[in-house]
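Undergrad: The file below is coords.txt, compact mmCIF, N, CA and C atoms:
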# COMPACT_ATOMS: atom_id res chain seq x y z
N MET A 1140 -19.52 -9.57 -92.09
CA MET A 1140 -19.47 -9.44 -90.66
C MET A 1140 -19.23 -10.80 -90.00
N ARG A 1141 -19.99 -11.81 -90.44
CA ARG A 1141 -19.81 -13.14 -89.88
C ARG A 1141 -18.41 -13.67 -90.16
N LYS A 1142 -17.92 -13.40 -91.34
CA LYS A 1142 -16.60 -13.90 -91.72
C LYS A 1142 -15.51 -13.25 -90.85
N SER A 1143 -15.58 -11.96 -90.59
CA SER A 1143 -14.58 -11.29 -89.78
C SER A 1143 -14.69 -11.72 -88.30
N LEU A 1144 -15.89 -11.97 -87.80
CA LEU A 1144 -16.06 -12.47 -86.44
C LEU A 1144 -15.46 -13.87 -86.31
N TRP A 1145 -15.71 -14.69 -87.31
CA TRP A 1145 -15.16 -16.05 -87.34
C TRP A 1145 -13.63 -16.00 -87.38
N GLN A 1146 -13.03 -15.11 -88.14
CA GLN A 1146 -11.57 -14.97 -88.22
C GLN A 1146 -11.00 -14.50 -86.87
N LEU A 1147 -11.72 -13.61 -86.20
CA LEU A 1147 -11.29 -13.13 -84.89
C LEU A 1147 -11.27 -14.27 -83.87
N VAL A 1148 -12.30 -15.11 -83.86
CA VAL A 1148 -12.37 -16.26 -82.96
C VAL A 1148 -11.22 -17.22 -83.24
N LEU A 1149 -10.96 -17.51 -84.50
CA LEU A 1149 -9.87 -18.41 -84.86
C LEU A 1149 -8.50 -17.85 -84.46
N THR A 1150 -8.32 -16.56 -84.63
CA THR A 1150 -7.06 -15.91 -84.27
C THR A 1150 -6.83 -15.99 -82.75
N ILE A 1151 -7.86 -15.70 -81.97
CA ILE A 1151 -7.74 -15.75 -80.51
C ILE A 1151 -7.45 -17.18 -80.05
N THR A 1152 -8.14 -18.15 -80.64
CA THR A 1152 -7.92 -19.55 -80.30
C THR A 1152 -6.48 -19.96 -80.62
N ALA A 1153 -5.99 -19.56 -81.78
CA ALA A 1153 -4.62 -19.90 -82.18
C ALA A 1153 -3.61 -19.28 -81.21
N LEU A 1154 -3.83 -18.04 -80.80
CA LEU A 1154 -2.92 -17.39 -79.85
C LEU A 1154 -2.93 -18.09 -78.50
N CYS A 1155 -4.11 -18.47 -78.04
CA CYS A 1155 -4.21 -19.18 -76.75
C CYS A 1155 -3.49 -20.51 -76.81
N CYS A 1156 -3.66 -21.25 -77.89
CA CYS A 1156 -3.00 -22.56 -78.02
C CYS A 1156 -1.49 -22.41 -78.08
N THR A 1157 -1.02 -21.40 -78.77
CA THR A 1157 0.42 -21.17 -78.90
C THR A 1157 1.03 -20.84 -77.54
N SER A 1158 0.39 -19.96 -76.76
CA SER A 1158 0.94 -19.60 -75.46
C SER A 1158 0.87 -20.77 -74.48
N THR A 1159 -0.17 -21.60 -74.59
CA THR A 1159 -0.28 -22.79 -73.73
C THR A 1159 0.82 -23.78 -74.05
N LEU A 1160 1.12 -23.98 -75.33
CA LEU A 1160 2.18 -24.90 -75.72
C LEU A 1160 3.54 -24.39 -75.26
N SER A 1161 3.76 -23.09 -75.36
CA SER A 1161 5.04 -22.52 -74.92
C SER A 1161 5.24 -22.72 -73.42
N ALA A 1162 4.17 -22.52 -72.65
CA ALA A 1162 4.27 -22.69 -71.20
C ALA A 1162 4.50 -24.15 -70.84
N ALA A 1163 3.89 -25.06 -71.58
CA ALA A 1163 4.02 -26.49 -71.29
C ALA A 1163 5.41 -27.01 -71.62
N GLN A 1164 6.12 -26.35 -72.53
CA GLN A 1164 7.44 -26.81 -72.92
C GLN A 1164 8.51 -26.48 -71.89
N GLY A 1165 8.16 -25.64 -70.91
CA GLY A 1165 9.10 -25.32 -69.84
C GLY A 1165 9.96 -24.14 -70.18
N PRO A 1166 11.02 -23.90 -69.38
CA PRO A 1166 11.87 -22.72 -69.59
C PRO A 1166 12.63 -22.81 -70.90
N ARG A 1167 12.85 -21.66 -71.46
CA ARG A 1167 13.61 -21.61 -72.71
C ARG A 1167 15.07 -21.86 -72.43
N SER A 1168 15.79 -22.31 -73.42
CA SER A 1168 17.20 -22.65 -73.26
C SER A 1168 18.05 -21.43 -72.90
N SER A 1169 17.54 -20.22 -73.11
CA SER A 1169 18.30 -19.02 -72.78
C SER A 1169 18.33 -18.77 -71.27
N GLU A 1170 17.41 -19.40 -70.51
CA GLU A 1170 17.41 -19.25 -69.06
C GLU A 1170 18.47 -20.18 -68.46
N PRO A 1171 19.30 -19.65 -67.55
CA PRO A 1171 20.37 -20.49 -66.98
C PRO A 1171 19.80 -21.58 -66.07
N ALA A 1172 20.42 -22.74 -66.13
CA ALA A 1172 20.02 -23.86 -65.27
C ALA A 1172 20.59 -23.62 -63.87
N THR A 1173 19.90 -24.07 -62.85
CA THR A 1173 20.38 -23.93 -61.47
C THR A 1173 21.59 -24.82 -61.27
N GLN A 1174 22.64 -24.24 -60.73
CA GLN A 1174 23.84 -25.02 -60.41
C GLN A 1174 23.82 -25.36 -58.94
N PHE A 1175 24.30 -26.54 -58.62
CA PHE A 1175 24.32 -26.98 -57.23
C PHE A 1175 25.75 -27.07 -56.73
N ALA A 1176 25.87 -27.01 -55.41
CA ALA A 1176 27.18 -27.09 -54.75
C ALA A 1176 27.08 -28.10 -53.61
N SER A 1177 28.23 -28.49 -53.08
CA SER A 1177 28.23 -29.49 -52.02
C SER A 1177 29.03 -29.01 -50.81
N VAL A 1178 28.71 -29.63 -49.68
CA VAL A 1178 29.41 -29.35 -48.43
C VAL A 1178 29.57 -30.69 -47.70
N ARG A 1179 30.66 -30.80 -46.97
CA ARG A 1179 30.88 -31.99 -46.16
C ARG A 1179 31.63 -31.55 -44.92
N GLY A 1180 31.63 -32.42 -43.91
CA GLY A 1180 32.35 -32.09 -42.70
C GLY A 1180 32.30 -33.21 -41.68
N VAL A 1181 33.01 -33.00 -40.59
CA VAL A 1181 33.05 -33.96 -39.49
C VAL A 1181 32.76 -33.18 -38.20
N ILE A 1182 31.89 -33.77 -37.37
CA ILE A 1182 31.56 -33.18 -36.08
C ILE A 1182 32.24 -34.01 -35.00
N THR A 1183 33.03 -33.34 -34.16
CA THR A 1183 33.77 -34.04 -33.10
C THR A 1183 33.53 -33.34 -31.77
N ASP A 1184 33.93 -34.03 -30.68
CA ASP A 1184 33.89 -33.39 -29.37
C ASP A 1184 35.26 -32.75 -29.11
N THR A 1185 35.43 -32.17 -27.93
CA THR A 1185 36.67 -31.45 -27.63
C THR A 1185 37.89 -32.38 -27.56
N ALA A 1186 37.66 -33.69 -27.41
CA ALA A 1186 38.77 -34.65 -27.38
C ALA A 1186 39.06 -35.20 -28.77
N GLY A 1187 38.32 -34.75 -29.78
CA GLY A 1187 38.55 -35.21 -31.14
C GLY A 1187 37.78 -36.45 -31.53
N ARG A 1188 36.91 -36.94 -30.63
CA ARG A 1188 36.10 -38.13 -30.93
C ARG A 1188 34.90 -37.72 -31.79
N PRO A 1189 34.58 -38.52 -32.81
CA PRO A 1189 33.42 -38.19 -33.66
C PRO A 1189 32.11 -38.29 -32.89
N ILE A 1190 31.18 -37.43 -33.23
CA ILE A 1190 29.87 -37.43 -32.58
C ILE A 1190 28.83 -37.96 -33.57
N ALA A 1191 28.30 -39.13 -33.29
CA ALA A 1191 27.29 -39.76 -34.15
C ALA A 1191 25.91 -39.20 -33.83
N ASP A 1192 25.04 -39.23 -34.82
CA ASP A 1192 23.63 -38.82 -34.68
C ASP A 1192 23.43 -37.38 -34.26
N ALA A 1193 24.39 -36.52 -34.53
CA ALA A 1193 24.19 -35.09 -34.30
C ALA A 1193 23.29 -34.56 -35.42
N ILE A 1194 22.48 -33.57 -35.12
CA ILE A 1194 21.60 -32.98 -36.13
C ILE A 1194 22.33 -31.79 -36.76
N VAL A 1195 22.47 -31.85 -38.07
CA VAL A 1195 23.15 -30.80 -38.84
C VAL A 1195 22.10 -30.09 -39.69
N GLU A 1196 21.98 -28.77 -39.52
CA GLU A 1196 21.02 -27.99 -40.29
C GLU A 1196 21.77 -26.94 -41.10
N LEU A 1197 21.50 -26.92 -42.40
CA LEU A 1197 22.09 -25.92 -43.28
C LEU A 1197 21.02 -24.87 -43.57
N SER A 1198 21.35 -23.62 -43.29
CA SER A 1198 20.41 -22.52 -43.47
C SER A 1198 20.94 -21.57 -44.53
N ASN A 1199 20.04 -21.07 -45.32
CA ASN A 1199 20.36 -20.11 -46.36
C ASN A 1199 20.31 -18.71 -45.76
N SER A 1200 21.46 -18.07 -45.61
CA SER A 1200 21.58 -16.72 -45.06
C SER A 1200 20.89 -16.56 -43.72
N GLY A 1201 20.80 -17.63 -42.93
CA GLY A 1201 20.21 -17.55 -41.61
C GLY A 1201 18.71 -17.36 -41.59
N GLN A 1202 18.06 -17.46 -42.73
CA GLN A 1202 16.62 -17.21 -42.79
C GLN A 1202 15.81 -18.38 -42.27
N TYR A 1203 16.09 -19.56 -42.74
CA TYR A 1203 15.35 -20.74 -42.32
C TYR A 1203 16.15 -21.98 -42.67
N SER A 1204 15.80 -23.07 -42.04
CA SER A 1204 16.52 -24.33 -42.27
C SER A 1204 16.10 -24.91 -43.62
N LEU A 1205 17.06 -25.14 -44.48
CA LEU A 1205 16.78 -25.71 -45.79
C LEU A 1205 17.02 -27.21 -45.82
N ILE A 1206 18.10 -27.64 -45.19
CA ILE A 1206 18.50 -29.04 -45.26
C ILE A 1206 18.80 -29.52 -43.84
N ARG A 1207 18.26 -30.67 -43.49
CA ARG A 1207 18.51 -31.25 -42.17
C ARG A 1207 19.09 -32.65 -42.35
N LEU A 1208 20.24 -32.89 -41.73
CA LEU A 1208 20.96 -34.16 -41.85
C LEU A 1208 21.31 -34.69 -40.47
N ARG A 1209 21.73 -35.95 -40.41
CA ARG A 1209 22.30 -36.54 -39.19
C ARG A 1209 23.71 -37.01 -39.52
N THR A 1210 24.57 -36.89 -38.53
CA THR A 1210 25.94 -37.36 -38.76
C THR A 1210 25.98 -38.89 -38.68
N SER A 1211 26.94 -39.45 -39.37
CA SER A 1211 27.14 -40.90 -39.38
C SER A 1211 27.84 -41.32 -38.08
N ALA A 1212 28.10 -42.61 -37.95
CA ALA A 1212 28.81 -43.14 -36.77
C ALA A 1212 30.20 -42.52 -36.65
N SER A 1213 30.77 -42.10 -37.78
CA SER A 1213 32.10 -41.47 -37.76
C SER A 1213 32.02 -39.95 -37.69
N GLY A 1214 30.82 -39.41 -37.39
CA GLY A 1214 30.64 -37.97 -37.23
C GLY A 1214 30.57 -37.18 -38.53
N GLU A 1215 30.50 -37.88 -39.65
CA GLU A 1215 30.53 -37.20 -40.95
C GLU A 1215 29.13 -36.83 -41.45
N PHE A 1216 29.07 -35.76 -42.24
CA PHE A 1216 27.85 -35.38 -42.94
C PHE A 1216 28.24 -34.84 -44.31
N SER A 1217 27.32 -34.91 -45.25
CA SER A 1217 27.56 -34.32 -46.58
C SER A 1217 26.24 -34.18 -47.32
N THR A 1218 26.21 -33.22 -48.23
CA THR A 1218 25.08 -33.03 -49.14
C THR A 1218 25.58 -32.30 -50.38
N ASP A 1219 24.93 -32.56 -51.49
CA ASP A 1219 25.25 -31.85 -52.74
C ASP A 1219 24.02 -31.08 -53.22
N SER A 1220 23.20 -30.64 -52.28
CA SER A 1220 21.94 -29.97 -52.61
C SER A 1220 21.94 -28.47 -52.35
N LEU A 1221 23.10 -27.87 -52.18
CA LEU A 1221 23.16 -26.42 -51.98
C LEU A 1221 23.05 -25.70 -53.32
N ILE A 1222 22.43 -24.55 -53.31
CA ILE A 1222 22.34 -23.75 -54.54
C ILE A 1222 23.61 -22.91 -54.63
N ALA A 1223 24.34 -23.10 -55.71
CA ALA A 1223 25.60 -22.38 -55.91
C ALA A 1223 25.36 -20.88 -55.91
N GLY A 1224 26.25 -20.17 -55.23
CA GLY A 1224 26.16 -18.72 -55.16
C GLY A 1224 25.44 -18.21 -53.94
N ASP A 1225 24.68 -19.05 -53.24
CA ASP A 1225 23.98 -18.63 -52.04
C ASP A 1225 24.90 -18.76 -50.82
N ASN A 1226 24.60 -17.97 -49.79
CA ASN A 1226 25.34 -18.05 -48.53
C ASN A 1226 24.63 -18.99 -47.57
N TYR A 1227 25.41 -19.79 -46.85
CA TYR A 1227 24.88 -20.78 -45.92
C TYR A 1227 25.62 -20.74 -44.61
N THR A 1228 24.96 -21.25 -43.55
CA THR A 1228 25.61 -21.55 -42.28
C THR A 1228 25.24 -22.98 -41.91
N VAL A 1229 26.11 -23.61 -41.14
CA VAL A 1229 25.87 -24.97 -40.66
C VAL A 1229 25.69 -24.87 -39.14
N ALA A 1230 24.55 -25.36 -38.65
CA ALA A 1230 24.28 -25.39 -37.21
C ALA A 1230 24.19 -26.85 -36.78
N VAL A 1231 24.80 -27.16 -35.62
CA VAL A 1231 24.83 -28.55 -35.14
C VAL A 1231 24.33 -28.61 -33.71
N THR A 1232 23.47 -29.61 -33.44
CA THR A 1232 22.99 -29.85 -32.09
C THR A 1232 23.07 -31.34 -31.78
N ARG A 1233 23.26 -31.64 -30.50
CA ARG A 1233 23.27 -33.04 -30.04
C ARG A 1233 23.01 -33.01 -28.54
N LEU A 1234 22.18 -33.91 -28.08
CA LEU A 1234 21.86 -34.00 -26.67
C LEU A 1234 23.15 -34.17 -25.86
N GLY A 1235 23.29 -33.37 -24.82
CA GLY A 1235 24.48 -33.43 -23.97
C GLY A 1235 25.59 -32.48 -24.40
N TYR A 1236 25.39 -31.76 -25.51
CA TYR A 1236 26.40 -30.83 -26.01
C TYR A 1236 25.78 -29.46 -26.27
N ARG A 1237 26.61 -28.43 -26.23
CA ARG A 1237 26.14 -27.09 -26.57
C ARG A 1237 26.03 -26.97 -28.08
N ALA A 1238 24.96 -26.33 -28.55
CA ALA A 1238 24.78 -26.12 -29.99
C ALA A 1238 25.88 -25.19 -30.50
N THR A 1239 26.27 -25.38 -31.74
CA THR A 1239 27.28 -24.52 -32.34
C THR A 1239 26.91 -24.23 -33.79
N GLU A 1240 27.51 -23.17 -34.34
CA GLU A 1240 27.18 -22.76 -35.71
C GLU A 1240 28.45 -22.30 -36.42
N SER A 1241 28.53 -22.59 -37.71
CA SER A 1241 29.70 -22.18 -38.49
C SER A 1241 29.58 -20.71 -38.88
N LYS A 1242 30.68 -20.18 -39.37
CA LYS A 1242 30.64 -18.85 -39.99
C LYS A 1242 29.95 -19.01 -41.34
N PRO A 1243 29.29 -17.97 -41.83
CA PRO A 1243 28.64 -18.08 -43.15
C PRO A 1243 29.68 -18.36 -44.25
N PHE A 1244 29.26 -19.11 -45.25
CA PHE A 1244 30.12 -19.38 -46.41
C PHE A 1244 29.27 -19.34 -47.67
N ARG A 1245 29.93 -19.05 -48.79
CA ARG A 1245 29.24 -19.02 -50.08
C ARG A 1245 29.44 -20.37 -50.76
N ALA A 1246 28.33 -21.00 -51.15
CA ALA A 1246 28.40 -22.29 -51.84
C ALA A 1246 28.92 -22.08 -53.25
N ASN A 1247 29.92 -22.88 -53.63
CA ASN A 1247 30.58 -22.74 -54.92
C ASN A 1247 30.45 -24.06 -55.69
N ALA A 1248 29.94 -24.00 -56.91
CA ALA A 1248 29.74 -25.22 -57.70
C ALA A 1248 31.06 -25.88 -58.07
N ASP A 1249 32.15 -25.12 -58.13
CA ASP A 1249 33.43 -25.66 -58.55
C ASP A 1249 34.28 -26.21 -57.41
N ASN A 1250 33.86 -25.98 -56.17
CA ASN A 1250 34.70 -26.35 -55.05
C ASN A 1250 33.84 -26.82 -53.88
N GLN A 1251 34.06 -28.05 -53.39
CA GLN A 1251 33.28 -28.55 -52.26
C GLN A 1251 33.71 -27.84 -50.98
N GLN A 1252 32.75 -27.30 -50.26
CA GLN A 1252 33.02 -26.61 -49.00
C GLN A 1252 33.20 -27.65 -47.90
N VAL A 1253 34.19 -27.45 -47.04
CA VAL A 1253 34.44 -28.34 -45.91
C VAL A 1253 34.18 -27.56 -44.62
N VAL A 1254 33.28 -28.08 -43.78
CA VAL A 1254 32.95 -27.43 -42.51
C VAL A 1254 33.08 -28.47 -41.40
N ASN A 1255 34.14 -28.38 -40.62
CA ASN A 1255 34.35 -29.25 -39.47
C ASN A 1255 34.05 -28.44 -38.21
N LEU A 1256 33.24 -29.00 -37.32
CA LEU A 1256 32.87 -28.27 -36.11
C LEU A 1256 33.13 -29.13 -34.87
N ILE A 1257 33.38 -28.45 -33.76
CA ILE A 1257 33.63 -29.12 -32.47
C ILE A 1257 32.49 -28.75 -31.52
N LEU A 1258 31.88 -29.78 -30.94
CA LEU A 1258 30.83 -29.55 -29.95
C LEU A 1258 31.42 -29.68 -28.55
N LYS A 1259 31.09 -28.71 -27.71
CA LYS A 1259 31.55 -28.73 -26.31
C LYS A 1259 30.45 -29.35 -25.46
N PRO A 1260 30.84 -30.19 -24.49
CA PRO A 1260 29.82 -30.80 -23.63
C PRO A 1260 29.12 -29.77 -22.76
N ARG A 1261 27.85 -30.03 -22.50
CA ARG A 1261 27.09 -29.18 -21.58
C ARG A 1261 27.55 -29.48 -20.16
N GLU A 1262 27.50 -28.48 -19.32
CA GLU A 1262 27.81 -28.72 -17.92
C GLU A 1262 26.64 -29.47 -17.31
N THR A 1263 26.95 -30.46 -16.50
CA THR A 1263 25.89 -31.23 -15.87
C THR A 1263 25.86 -30.95 -14.38
N VAL A 1264 24.68 -30.94 -13.85
CA VAL A 1264 24.48 -30.73 -12.43
C VAL A 1264 23.81 -31.98 -11.88
N THR A 1265 24.38 -32.53 -10.84
CA THR A 1265 23.80 -33.72 -10.23
C THR A 1265 23.13 -33.32 -8.93
N LEU A 1266 21.87 -33.64 -8.82
CA LEU A 1266 21.12 -33.35 -7.60
C LEU A 1266 20.87 -34.66 -6.86
N ARG A 1267 21.05 -34.61 -5.56
CA ARG A 1267 20.77 -35.79 -4.75
C ARG A 1267 19.75 -35.38 -3.70
N ALA A 1268 18.79 -36.22 -3.51
CA ALA A 1268 17.77 -35.96 -2.50
C ALA A 1268 17.59 -37.20 -1.66
N GLU A 1269 17.23 -36.97 -0.43
CA GLU A 1269 17.02 -38.08 0.47
C GLU A 1269 15.55 -38.11 0.85
N ALA A 1270 14.92 -39.22 0.68
CA ALA A 1270 13.52 -39.36 1.05
C ALA A 1270 13.45 -40.04 2.41
N ARG A 1271 12.63 -39.49 3.27
CA ARG A 1271 12.46 -40.09 4.59
C ARG A 1271 11.00 -40.52 4.74
N THR A 1272 10.82 -41.67 5.28
CA THR A 1272 9.49 -42.19 5.50
C THR A 1272 9.15 -42.04 6.97
N VAL A 1273 8.00 -41.46 7.22
CA VAL A 1273 7.56 -41.29 8.60
C VAL A 1273 6.44 -42.29 8.84
N LEU A 1274 6.63 -43.14 9.80
CA LEU A 1274 5.61 -44.13 10.15
C LEU A 1274 4.91 -43.67 11.42
N ALA A 1275 3.62 -43.73 11.37
CA ALA A 1275 2.84 -43.35 12.55
C ALA A 1275 2.03 -44.55 13.02
N ALA A 1276 1.96 -44.71 14.32
CA ALA A 1276 1.15 -45.79 14.88
C ALA A 1276 -0.31 -45.40 14.81
N LYS A 1277 -1.19 -46.38 14.88
CA LYS A 1277 -2.63 -46.11 14.82
C LYS A 1277 -3.06 -45.17 15.94
N SER A 1278 -2.49 -45.33 17.07
CA SER A 1278 -2.89 -44.49 18.20
C SER A 1278 -2.50 -43.03 17.96
N ASP A 1279 -1.35 -42.79 17.26
CA ASP A 1279 -0.93 -41.43 16.95
C ASP A 1279 -1.89 -40.77 15.98
N SER A 1280 -2.32 -41.48 14.97
CA SER A 1280 -3.23 -40.89 13.98
C SER A 1280 -4.59 -40.63 14.61
N ALA A 1281 -5.04 -41.49 15.56
CA ALA A 1281 -6.32 -41.26 16.23
C ALA A 1281 -6.22 -40.03 17.11
N ARG A 1282 -5.08 -39.82 17.75
CA ARG A 1282 -4.88 -38.65 18.61
C ARG A 1282 -4.89 -37.37 17.76
N VAL A 1283 -4.27 -37.41 16.57
CA VAL A 1283 -4.24 -36.24 15.68
C VAL A 1283 -5.66 -35.90 15.25
N ARG A 1284 -6.47 -36.91 14.93
CA ARG A 1284 -7.85 -36.68 14.51
C ARG A 1284 -8.67 -36.08 15.65
N ALA A 1285 -8.46 -36.56 16.87
CA ALA A 1285 -9.22 -36.06 18.01
C ALA A 1285 -8.85 -34.61 18.30
N GLN A 1286 -7.59 -34.22 18.11
CA GLN A 1286 -7.18 -32.85 18.36
C GLN A 1286 -7.70 -31.92 17.29
N ALA A 1287 -7.87 -32.42 16.07
CA ALA A 1287 -8.34 -31.59 14.96
C ALA A 1287 -9.80 -31.24 15.14
N LYS A 1288 -10.57 -32.07 15.89
CA LYS A 1288 -12.01 -31.81 16.08
C LYS A 1288 -12.17 -30.76 17.07
Once you've parsed the file, please lay out its structure as structure tokens.
TA:
Amino acid sequence: MRKSLWQLVLTITALCCTSTLSAAQGPRSSEPATQFASVRGVITDTAGRPIADAIVELSNSGQYSLIRLRTSASGEFSTDSLIAGDNYTVAVTRLGYRATESKPFRANADNQQVVNLILKPRETVTLRAEARTVLAAKSDSARVRAQAK
């Protein structure tokens, strides 16, 4: 009885160690490695001038923002961190311009996606106000106080 109990304990220990080692070794070679894809583009205004420091957000199927970039001084952006086979959109914002978004595209590991977008300026409204200062003499303010009583 003791011998069979001891063998059972050793067998369970050996199985636990084997499964722990397998998990520590990581994925098996039969599992496919994640492939990455890249995208690049230029953001310009309606006159064709590059827009620097625009915020570029790449979203996976419109669910949430995965990658956030800023355009360079020449309006360019790029990343090679897209997961190949997934669908993405590029959204761009910049102070003084209307936000815009690309059509969805599928990231392809064999071909760099190019997304060039044009930002249109926001309409600006200028408000002008005139401030007037009213000066009252001491006697006027004393008269107002006397009438209020």
Undergrad: For the point (27.2, -20.3, -55.0) in the file's frame, write as a list in words all residues with an atom no more than 6 Å away, counting all atoms listed in the file.
TA: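 Selection result: Ile1222, Ala1223, Gly1224, Asp1225, Arg1245, Ala1246, Asn1247 and Ala1248 of chain A.
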Undergrad: Which one is closest to Asp1219 (chain A): A:Asn1250, A:Thr1183, A:Ser1177, A:Ser1241? Count only N, CA and C atoms.
TA: A:Ser1177
Undergrad: For CA of Thr1232 (chain A) and CA of Leu1197 (chain A), quote the distance in Å rounded to one decimal.
TA: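 Rounded to one decimal, the two atoms are 11.9 Å apart.
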Undergrad: In the coordinate frame of the file, compute which residues have an atom within 6 Å of (24.3, -18.3, -46.4) when using only N, CA and C atoms, and state them as a tab-separated table (two decimals) with N, CA and C atoms, in the coordinates of the input.
TA:
chain	number	residue	atom	x	y	z
A	1198	SER	N	21.35	-23.62	-43.29
A	1198	SER	CA	20.41	-22.52	-43.47
A	1198	SER	C	20.94	-21.57	-44.53
A	1199	ASN	N	20.04	-21.07	-45.32
A	1199	ASN	CA	20.36	-20.11	-46.36
A	1199	ASN	C	20.31	-18.71	-45.76
A	1200	SER	N	21.46	-18.07	-45.61
A	1200	SER	CA	21.58	-16.72	-45.06
A	1200	SER	C	20.89	-16.56	-43.72
A	1201	GLY	N	20.80	-17.63	-42.93
A	1201	GLY	CA	20.21	-17.55	-41.61
A	1201	GLY	C	18.71	-17.36	-41.59
A	1225	ASP	N	24.68	-19.05	-53.24
A	1225	ASP	CA	23.98	-18.63	-52.04
A	1225	ASP	C	24.90	-18.76	-50.82
A	1226	ASN	N	24.60	-17.97	-49.79
A	1226	ASN	CA	25.34	-18.05	-48.53
A	1226	ASN	C	24.63	-18.99	-47.57
A	1227	TYR	N	25.41	-19.79	-46.85
A	1227	TYR	CA	24.88	-20.78	-45.92
A	1227	TYR	C	25.62	-20.74	-44.61
A	1228	THR	N	24.96	-21.25	-43.55
A	1228	THR	CA	25.61	-21.55	-42.28
A	1228	THR	C	25.24	-22.98	-41.91
A	1243	PRO	N	29.29	-17.97	-41.83
A	1243	PRO	CA	28.64	-18.08	-43.15
A	1243	PRO	C	29.68	-18.36	-44.25
A	1244	PHE	N	29.26	-19.11	-45.25
A	1244	PHE	CA	30.12	-19.38	-46.41
A	1244	PHE	C	29.27	-19.34	-47.67
Undergrad: By how many Å are atom C of Leu1234 (chain A) and atom N of Gln1252 (chain A) apart?
TA: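 So the two atoms, atom C of Leu1234 (chain A) and atom N of Gln1252 (chain A), lie 27.1 Å apart.
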Undergrad: Using only N, CA and C atoms, which of the listed residues (A:Asp1249, A:Arg1209, A:Glu1269, A:Ile1257) sits closest to Val1181 (chain A)?
TA: A:Ile1257
Undergrad: From the list A:Leu1205, A:Val1264, A:Leu1256, A:Leu1221, which residue is nearest Gly1180 (chain A) when using all atoms listed in the file?
TA: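 Result for the nearest residue to Gly1180 (chain A): A:Leu1256.
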Undergrad: When you draw a straight line from atom C of Val1231 (chain A) to CA of Leu1266 (chain A), how long is it in Å?
TA: 26.7 Å
